[in-house]
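So this one's work32.cif, mmCIF, C-alpha atoms:
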```
data_final
#
loop_
_atom_site.group_PDB
_atom_site.id
_atom_site.type_symbol
_atom_site.label_atom_id
_atom_site.label_comp_id
_atom_site.auth_asym_id
_atom_site.auth_seq_id
_atom_site.Cartn_x
_atom_site.Cartn_y
_atom_site.Cartn_z
ATOM 1 C CA MET M 1 -113.472 6.823 -57.869
ATOM 2 C CA LYS M 2 -112.050 3.316 -57.752
ATOM 3 C CA GLU M 3 -109.220 4.322 -60.042
ATOM 4 C CA LYS M 4 -108.503 7.366 -57.917
ATOM 5 C CA SER M 5 -108.370 5.226 -54.749
ATOM 6 C CA SER M 6 -106.176 2.685 -56.512
ATOM 7 C CA ALA M 7 -103.811 5.408 -57.714
ATOM 8 C CA GLN M 8 -103.626 6.899 -54.213
ATOM 9 C CA ALA M 9 -102.974 3.455 -52.710
ATOM 10 C CA ARG M 10 -100.099 2.909 -55.173
ATOM 11 C CA LYS M 11 -98.731 6.325 -54.400
ATOM 12 C CA ILE M 12 -98.938 5.580 -50.666
ATOM 13 C CA GLU M 13 -97.184 2.230 -51.224
ATOM 14 C CA GLU M 14 -94.436 3.920 -53.243
ATOM 15 C CA LEU M 15 -93.996 6.564 -50.573
ATOM 16 C CA GLU M 16 -93.922 3.902 -47.834
ATOM 17 C CA ALA M 17 -91.316 1.898 -49.797
ATOM 18 C CA HIS M 18 -89.241 5.048 -50.345
ATOM 19 C CA LEU M 19 -89.588 5.957 -46.654
ATOM 20 C CA ALA M 20 -88.568 2.423 -45.617
ATOM 21 C CA SER M 21 -85.551 2.643 -47.920
ATOM 22 C CA GLU M 22 -84.522 6.024 -46.497
ATOM 23 C CA PHE M 23 -85.073 4.761 -42.966
ATOM 24 C CA SER M 24 -82.851 1.750 -43.687
ATOM 25 C CA LYS M 25 -80.143 4.062 -45.062
ATOM 26 C CA ALA M 26 -80.445 6.262 -41.963
ATOM 27 C CA GLU M 27 -80.097 3.243 -39.679
ATOM 28 C CA LYS M 28 -76.960 2.123 -41.571
ATOM 29 C CA SER M 29 -75.528 5.633 -41.353
ATOM 30 C CA LYS M 30 -76.293 5.779 -37.645
ATOM 31 C CA ALA M 31 -74.553 2.435 -37.103
ATOM 32 C CA GLU M 32 -71.500 3.673 -39.023
ATOM 33 C CA VAL M 33 -71.435 6.920 -37.046
ATOM 34 C CA ASP M 34 -71.787 4.998 -33.773
ATOM 35 C CA ALA M 35 -68.832 2.788 -34.764
ATOM 36 C CA ILE M 36 -66.733 5.844 -35.613
ATOM 37 C CA VAL M 37 -67.697 7.521 -32.334
ATOM 38 C CA ASP M 38 -66.719 4.365 -30.437
ATOM 39 C CA VAL M 39 -63.314 4.363 -32.144
ATOM 40 C CA TYR M 40 -62.753 8.054 -31.371
ATOM 41 C CA ARG M 41 -63.919 7.561 -27.786
ATOM 42 C CA ALA M 42 -61.491 4.654 -27.326
ATOM 43 C CA ASP M 43 -58.700 6.734 -28.876
ATOM 44 C CA ALA M 44 -59.496 9.640 -26.567
ATOM 45 C CA GLU M 45 -59.458 7.374 -23.508
ATOM 46 C CA ALA M 46 -56.131 5.872 -24.606
ATOM 47 C CA ALA M 47 -54.731 9.364 -25.132
ATOM 48 C CA GLN M 48 -55.838 10.355 -21.622
ATOM 49 C CA VAL M 49 -54.140 7.299 -20.155
ATOM 50 C CA GLN M 50 -50.960 8.068 -22.095
ATOM 51 C CA ALA M 51 -51.035 11.708 -20.994
ATOM 52 C CA SER M 52 -51.530 10.649 -17.385
ATOM 53 C CA GLU M 53 -48.646 8.170 -17.593
ATOM 54 C CA ALA M 54 -46.435 10.781 -19.251
ATOM 55 C CA ALA M 55 -47.236 13.306 -16.523
ATOM 56 C CA GLU M 56 -46.488 10.734 -13.836
ATOM 57 C CA THR M 57 -43.210 9.802 -15.528
ATOM 58 C CA ALA M 58 -42.231 13.459 -15.827
ATOM 59 C CA GLN M 59 -43.058 14.050 -12.189
ATOM 60 C CA THR M 60 -41.031 11.019 -11.102
ATOM 61 C CA ARG M 61 -38.106 12.087 -13.269
ATOM 62 C CA ALA M 62 -38.245 15.629 -11.854
ATOM 63 C CA TYR M 63 -38.135 14.179 -8.344
ATOM 64 C CA TRP M 64 -35.042 12.125 -9.137
ATOM 65 C CA VAL M 65 -33.342 15.043 -10.873
ATOM 66 C CA ALA M 66 -33.844 17.050 -7.681
ATOM 67 C CA GLU M 67 -32.511 14.120 -5.643
ATOM 68 C CA LEU M 68 -29.456 13.967 -7.925
ATOM 69 C CA ALA M 69 -28.797 17.659 -7.319
ATOM 70 C CA LYS M 70 -29.038 17.109 -3.553
ATOM 71 C CA CYS M 71 -26.655 14.159 -3.709
ATOM 72 C CA GLN M 72 -24.163 16.090 -5.810
ATOM 73 C CA TYR M 73 -24.278 19.022 -3.415
ATOM 74 C CA ARG M 74 -23.849 16.711 -0.414
ATOM 75 C CA ARG M 75 -20.878 14.944 -2.025
ATOM 76 C CA GLU M 76 -19.232 18.238 -2.942
ATOM 77 C CA THR M 77 -19.712 19.509 0.603
ATOM 78 C CA LEU M 78 -18.200 16.335 2.035
ATOM 79 C CA GLU M 79 -15.253 16.608 -0.338
ATOM 80 C CA GLU M 80 -14.682 20.218 0.739
ATOM 81 C CA ILE M 81 -14.742 19.182 4.404
ATOM 82 C CA HIS M 82 -12.409 16.285 3.599
ATOM 83 C CA ALA M 83 -10.040 18.708 1.869
ATOM 84 C CA ARG M 84 -9.800 20.657 5.155
ATOM 85 C CA GLY M 85 -8.311 17.626 6.886
ATOM 86 C CA PHE M 86 -11.287 15.639 8.165
ATOM 87 C CA ASP M 87 -11.434 11.947 7.260
ATOM 88 C CA LEU M 88 -14.780 11.603 5.479
ATOM 89 C CA THR M 89 -13.754 8.908 3.008
ATOM 90 C CA GLU M 90 -16.642 6.571 3.913
ATOM 91 C CA GLU M 91 -19.200 9.350 3.771
ATOM 92 C CA ILE M 92 -17.868 10.499 0.391
ATOM 93 C CA ILE M 93 -18.086 6.941 -0.972
ATOM 94 C CA LYS M 94 -21.679 6.629 0.275
ATOM 95 C CA ALA M 95 -22.532 10.040 -1.170
ATOM 96 C CA LYS M 96 -21.078 9.009 -4.545
ATOM 97 C CA GLU M 97 -23.144 5.801 -4.473
ATOM 98 C CA LEU M 98 -26.304 7.756 -3.698
ATOM 99 C CA GLU M 99 -25.438 10.234 -6.426
ATOM 100 C CA THR M 100 -24.926 7.400 -8.927
ATOM 101 C CA ASP M 101 -28.253 5.836 -7.955
ATOM 102 C CA ALA M 102 -30.090 9.148 -8.186
ATOM 103 C CA GLY M 103 -28.402 9.884 -11.519
ATOM 104 C CA ALA M 104 -29.533 6.549 -12.907
ATOM 105 C CA LEU M 105 -33.085 7.152 -11.715
ATOM 106 C CA ALA M 106 -33.059 10.665 -13.127
ATOM 107 C CA SER M 107 -31.952 9.478 -16.558
ATOM 108 C CA ASP M 108 -34.288 8.465 -19.352
ATOM 109 C CA ASP M 109 -32.854 4.935 -19.506
ATOM 110 C CA ASP M 110 -35.530 2.746 -17.886
ATOM 111 C CA ASP M 111 -33.375 -0.433 -17.941
ATOM 112 C CA ASP M 112 -31.017 0.880 -15.262
ATOM 113 C CA ASN M 113 -33.805 1.781 -12.828
ATOM 114 C CA ASP M 114 -34.177 -1.694 -11.323
ATOM 115 C CA GLU M 115 -30.449 -2.056 -10.671
ATOM 116 C CA SER M 116 -30.178 1.424 -9.148
ATOM 117 C CA ILE M 117 -33.082 0.914 -6.797
ATOM 118 C CA SER M 118 -31.686 -2.342 -5.423
ATOM 119 C CA GLY M 119 -28.257 -0.736 -4.962
ATOM 120 C CA SER M 120 -29.618 2.012 -2.716
ATOM 121 C CA GLU M 121 -31.571 -0.134 -0.269
ATOM 122 C CA SER M 122 -29.319 0.642 2.685
ATOM 123 C CA GLY M 123 -32.022 1.817 5.070
ATOM 124 C CA GLU M 124 -31.299 5.494 4.515
ATOM 125 C CA GLU M 125 -33.869 7.915 3.288
ATOM 126 C CA PRO M 126 -33.353 8.860 -0.397
ATOM 127 C CA ASP M 127 -32.480 12.413 0.595
ATOM 128 C CA GLY M 128 -29.896 11.232 3.129
ATOM 129 C CA GLU M 129 -31.512 12.913 6.131
ATOM 130 C CA GLU M 130 -31.036 9.906 8.425
ATOM 131 C CA THR M 131 -27.403 10.710 9.165
ATOM 132 C CA ALA M 132 -25.939 14.170 8.843
ATOM 133 C CA PRO M 133 -22.380 14.381 7.482
ATOM 134 C CA GLY M 134 -20.822 15.979 10.569
ATOM 135 C CA ASP M 135 -22.752 14.256 13.377
ATOM 136 C CA ASN M 136 -20.071 11.745 14.281
ATOM 137 C CA GLN M 137 -16.999 13.937 13.646
ATOM 138 C CA GLU M 138 -15.051 15.915 16.227
ATOM 139 C CA THR M 139 -14.099 19.505 15.456
#
```
Entire entry expressed as C-alpha coordinates:
Amino acid sequence: MKEKSSAQARKIEELEAHLASEFSKAEKSKAEVDAIVDVYRADAEAAQVQASEAAETAQTRAYWVAELAKCQYRRETLEEIHARGFDLTEEIIKAKELETDAGALASDDDDDNDESISGSESGEEPDGEETAPGDNQET
(Lines of atoms letter the chains of each structure in order from A and count residues from 1; the text may use other names and numbers.)
(Lines give C-alpha, C1' and ligand atoms only; values in the text may rest on other atoms or scores of the structure.)
Protein backbone atom coordinates (compact mmCIF):
# COMPACT_ATOMS: atom_id res chain seq x y z
CA MET A 1 0.00 0.00 0.00
CA LYS A 2 2.88 2.29 0.90
CA GLU A 3 4.57 1.55 -2.40
CA LYS A 4 1.35 2.23 -4.27
CA SER A 5 0.93 5.59 -2.49
CA SER A 6 4.57 6.44 -3.15
CA ALA A 7 4.21 5.57 -6.83
CA GLN A 8 1.05 7.67 -7.10
CA ALA A 9 2.76 10.59 -5.34
CA ARG A 10 5.66 10.40 -7.82
CA LYS A 11 3.24 10.23 -10.70
CA ILE A 12 1.37 13.25 -9.33
CA GLU A 13 4.68 15.13 -8.93
CA GLU A 14 5.69 14.27 -12.50
CA LEU A 15 2.32 15.39 -13.80
CA GLU A 16 2.51 18.62 -11.77
CA ALA A 17 6.03 19.29 -13.10
CA HIS A 18 4.87 18.59 -16.66
CA LEU A 19 1.81 20.81 -16.14
CA ALA A 20 4.00 23.61 -14.71
CA SER A 21 6.32 23.29 -17.71
CA GLU A 22 3.40 23.45 -20.17
CA PHE A 23 1.90 26.37 -18.27
CA SER A 24 5.23 28.22 -18.47
CA LYS A 25 5.39 27.56 -22.22
CA ALA A 26 1.81 28.81 -22.60
CA GLU A 27 2.63 31.99 -20.67
CA LYS A 28 5.67 32.61 -22.92
CA SER A 29 3.56 32.01 -26.01
CA LYS A 30 0.89 34.36 -24.72
CA ALA A 31 3.50 37.06 -24.08
CA GLU A 32 4.87 36.62 -27.61
CA VAL A 33 1.37 36.77 -29.10
CA ASP A 34 0.57 39.87 -27.04
CA ALA A 35 3.75 41.54 -28.34
CA ILE A 36 2.85 40.66 -31.92
CA VAL A 37 -0.70 41.94 -31.43
CA ASP A 38 0.67 45.20 -30.01
CA VAL A 39 2.90 45.62 -33.07
CA TYR A 40 0.02 44.93 -35.46
CA ARG A 41 -2.27 47.25 -33.51
CA ALA A 42 0.33 50.05 -33.68
CA ASP A 43 0.78 49.40 -37.41
CA ALA A 44 -2.97 49.51 -37.96
CA GLU A 45 -3.27 52.80 -36.06
CA ALA A 46 -0.39 54.28 -38.07
CA ALA A 47 -2.04 53.11 -41.28
CA GLN A 48 -5.30 54.78 -40.24
CA VAL A 49 -3.48 58.03 -39.54
CA GLN A 50 -1.72 57.84 -42.91
CA ALA A 51 -5.00 57.09 -44.70
CA SER A 52 -6.67 60.01 -42.95
CA GLU A 53 -3.81 62.35 -43.87
CA ALA A 54 -3.85 61.11 -47.46
CA ALA A 55 -7.60 61.69 -47.70
CA GLU A 56 -7.21 65.18 -46.26
CA THR A 57 -4.38 65.95 -48.68
CA ALA A 58 -6.43 64.67 -51.61
CA GLN A 59 -9.39 66.75 -50.54
CA THR A 60 -7.24 69.87 -50.19
CA ARG A 61 -5.64 69.25 -53.57
CA ALA A 62 -9.06 68.75 -55.19
CA TYR A 63 -10.19 72.06 -53.72
CA TRP A 64 -7.19 73.88 -55.17
CA VAL A 65 -7.58 72.19 -58.54
CA ALA A 66 -11.15 73.50 -58.63
CA GLU A 67 -9.90 76.95 -57.59
CA LEU A 68 -7.33 76.82 -60.40
CA ALA A 69 -10.07 76.05 -62.91
CA LYS A 70 -12.11 79.00 -61.62
CA CYS A 71 -9.13 81.33 -61.86
CA GLN A 72 -8.32 80.18 -65.38
CA TYR A 73 -11.92 80.69 -66.46
CA ARG A 74 -12.01 84.14 -64.86
CA ARG A 75 -8.75 85.17 -66.54
CA GLU A 76 -9.93 83.91 -69.92
CA THR A 77 -13.19 85.80 -69.53
CA LEU A 78 -11.33 88.99 -68.62
CA GLU A 79 -9.04 88.56 -71.61
CA GLU A 80 -12.05 88.13 -73.90
CA ILE A 81 -13.63 91.30 -72.50
CA HIS A 82 -10.29 93.09 -72.87
CA ALA A 83 -10.10 91.95 -76.49
CA ARG A 84 -13.44 93.73 -77.11
CA GLY A 85 -11.87 97.06 -76.20
CA PHE A 86 -12.29 97.37 -72.44
CA ASP A 87 -9.18 98.18 -70.40
CA LEU A 88 -8.98 95.30 -67.92
CA THR A 89 -5.19 95.09 -67.71
CA GLU A 90 -5.10 95.32 -63.89
CA GLU A 91 -7.85 92.75 -63.48
CA ILE A 92 -6.09 90.38 -65.89
CA ILE A 93 -2.82 90.75 -63.97
CA LYS A 94 -4.60 90.02 -60.68
CA ALA A 95 -6.40 87.06 -62.25
CA LYS A 96 -3.07 85.68 -63.52
CA GLU A 97 -1.57 86.05 -60.03
CA LEU A 98 -4.51 84.22 -58.48
CA GLU A 99 -4.26 81.55 -61.15
CA THR A 100 -0.53 81.12 -60.46
CA ASP A 101 -1.18 80.85 -56.72
CA ALA A 102 -3.99 78.35 -57.20
CA GLY A 103 -1.85 76.37 -59.66
CA ALA A 104 0.97 76.17 -57.14
CA LEU A 105 -1.42 75.03 -54.42
CA ALA A 106 -3.00 72.49 -56.74
CA SER A 107 0.35 70.96 -57.65
CA ASP A 108 2.00 68.11 -55.80
CA ASP A 109 5.07 70.21 -54.96
CA ASP A 110 4.69 71.01 -51.24
CA ASP A 111 7.70 73.40 -51.15
CA ASP A 112 5.91 76.04 -53.22
CA ASN A 113 2.81 76.10 -51.01
CA ASP A 114 4.19 78.52 -48.42
CA GLU A 115 5.31 81.03 -51.03
CA SER A 116 2.01 80.85 -52.92
CA ILE A 117 -0.09 81.38 -49.83
CA SER A 118 1.82 84.49 -48.80
CA GLY A 119 1.58 85.88 -52.34
CA SER A 120 -2.22 85.73 -52.36
CA GLU A 121 -2.90 87.50 -49.08
CA SER A 122 -4.51 90.53 -50.69
CA GLY A 123 -7.75 90.48 -48.72
CA GLU A 124 -9.74 88.87 -51.51
CA GLU A 125 -11.56 85.63 -51.11
CA PRO A 126 -9.76 82.71 -52.83
CA ASP A 127 -12.58 82.39 -55.34
CA GLY A 128 -12.44 86.10 -56.19
CA GLU A 129 -16.04 86.84 -55.24
CA GLU A 130 -15.19 90.08 -53.43
CA THR A 131 -14.97 92.12 -56.62
CA ALA A 132 -16.70 91.15 -59.82
CA PRO A 133 -14.79 91.82 -63.05
CA GLY A 134 -17.30 94.26 -64.56
CA ASP A 135 -18.50 96.14 -61.46
CA ASN A 136 -16.37 99.23 -61.97
CA GLN A 137 -16.47 99.36 -65.79
CA GLU A 138 -18.80 101.45 -67.93
CA THR A 139 -20.52 99.83 -70.90
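When CA of Gln72 in chain M is paired with CA of Leu98 in chain M, their separation reads 8.9 Å.
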Any chance you could work out the residue set of the PyMOL selection byres ((chain M and resi 68) around 12) here, as number ranges by chain?
-> M: 61-67, 69-75, 95-107, 126-128
Dump of C-alpha atoms for the selected residues, as a tab-separated table (two decimals), in the coordinates of the input:
```tsv
chain	number	residue	atom	x	y	z
M	61	ARG	CA	-38.11	12.09	-13.27
M	62	ALA	CA	-38.24	15.63	-11.85
M	63	TYR	CA	-38.14	14.18	-8.34
M	64	TRP	CA	-35.04	12.12	-9.14
M	65	VAL	CA	-33.34	15.04	-10.87
M	66	ALA	CA	-33.84	17.05	-7.68
M	67	GLU	CA	-32.51	14.12	-5.64
M	69	ALA	CA	-28.80	17.66	-7.32
M	70	LYS	CA	-29.04	17.11	-3.55
M	71	CYS	CA	-26.66	14.16	-3.71
M	72	GLN	CA	-24.16	16.09	-5.81
M	73	TYR	CA	-24.28	19.02	-3.42
M	74	ARG	CA	-23.85	16.71	-0.41
M	75	ARG	CA	-20.88	14.94	-2.02
M	95	ALA	CA	-22.53	10.04	-1.17
M	96	LYS	CA	-21.08	9.01	-4.54
M	97	GLU	CA	-23.14	5.80	-4.47
M	98	LEU	CA	-26.30	7.76	-3.70
M	99	GLU	CA	-25.44	10.23	-6.43
M	100	THR	CA	-24.93	7.40	-8.93
M	101	ASP	CA	-28.25	5.84	-7.96
M	102	ALA	CA	-30.09	9.15	-8.19
M	103	GLY	CA	-28.40	9.88	-11.52
M	104	ALA	CA	-29.53	6.55	-12.91
M	105	LEU	CA	-33.08	7.15	-11.72
M	106	ALA	CA	-33.06	10.66	-13.13
M	107	SER	CA	-31.95	9.48	-16.56
M	126	PRO	CA	-33.35	8.86	-0.40
M	127	ASP	CA	-32.48	12.41	0.60
M	128	GLY	CA	-29.90	11.23	3.13
```
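You will find CA of Gln59 in chain M at 25.9 Å from CA of Glu76 in chain M.
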Quick one: pull the distance between CA of Glu80 in chain M and CA of Lys94 in chain M, Å, one decimal.
->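 A separation of 15.3 Å between them.
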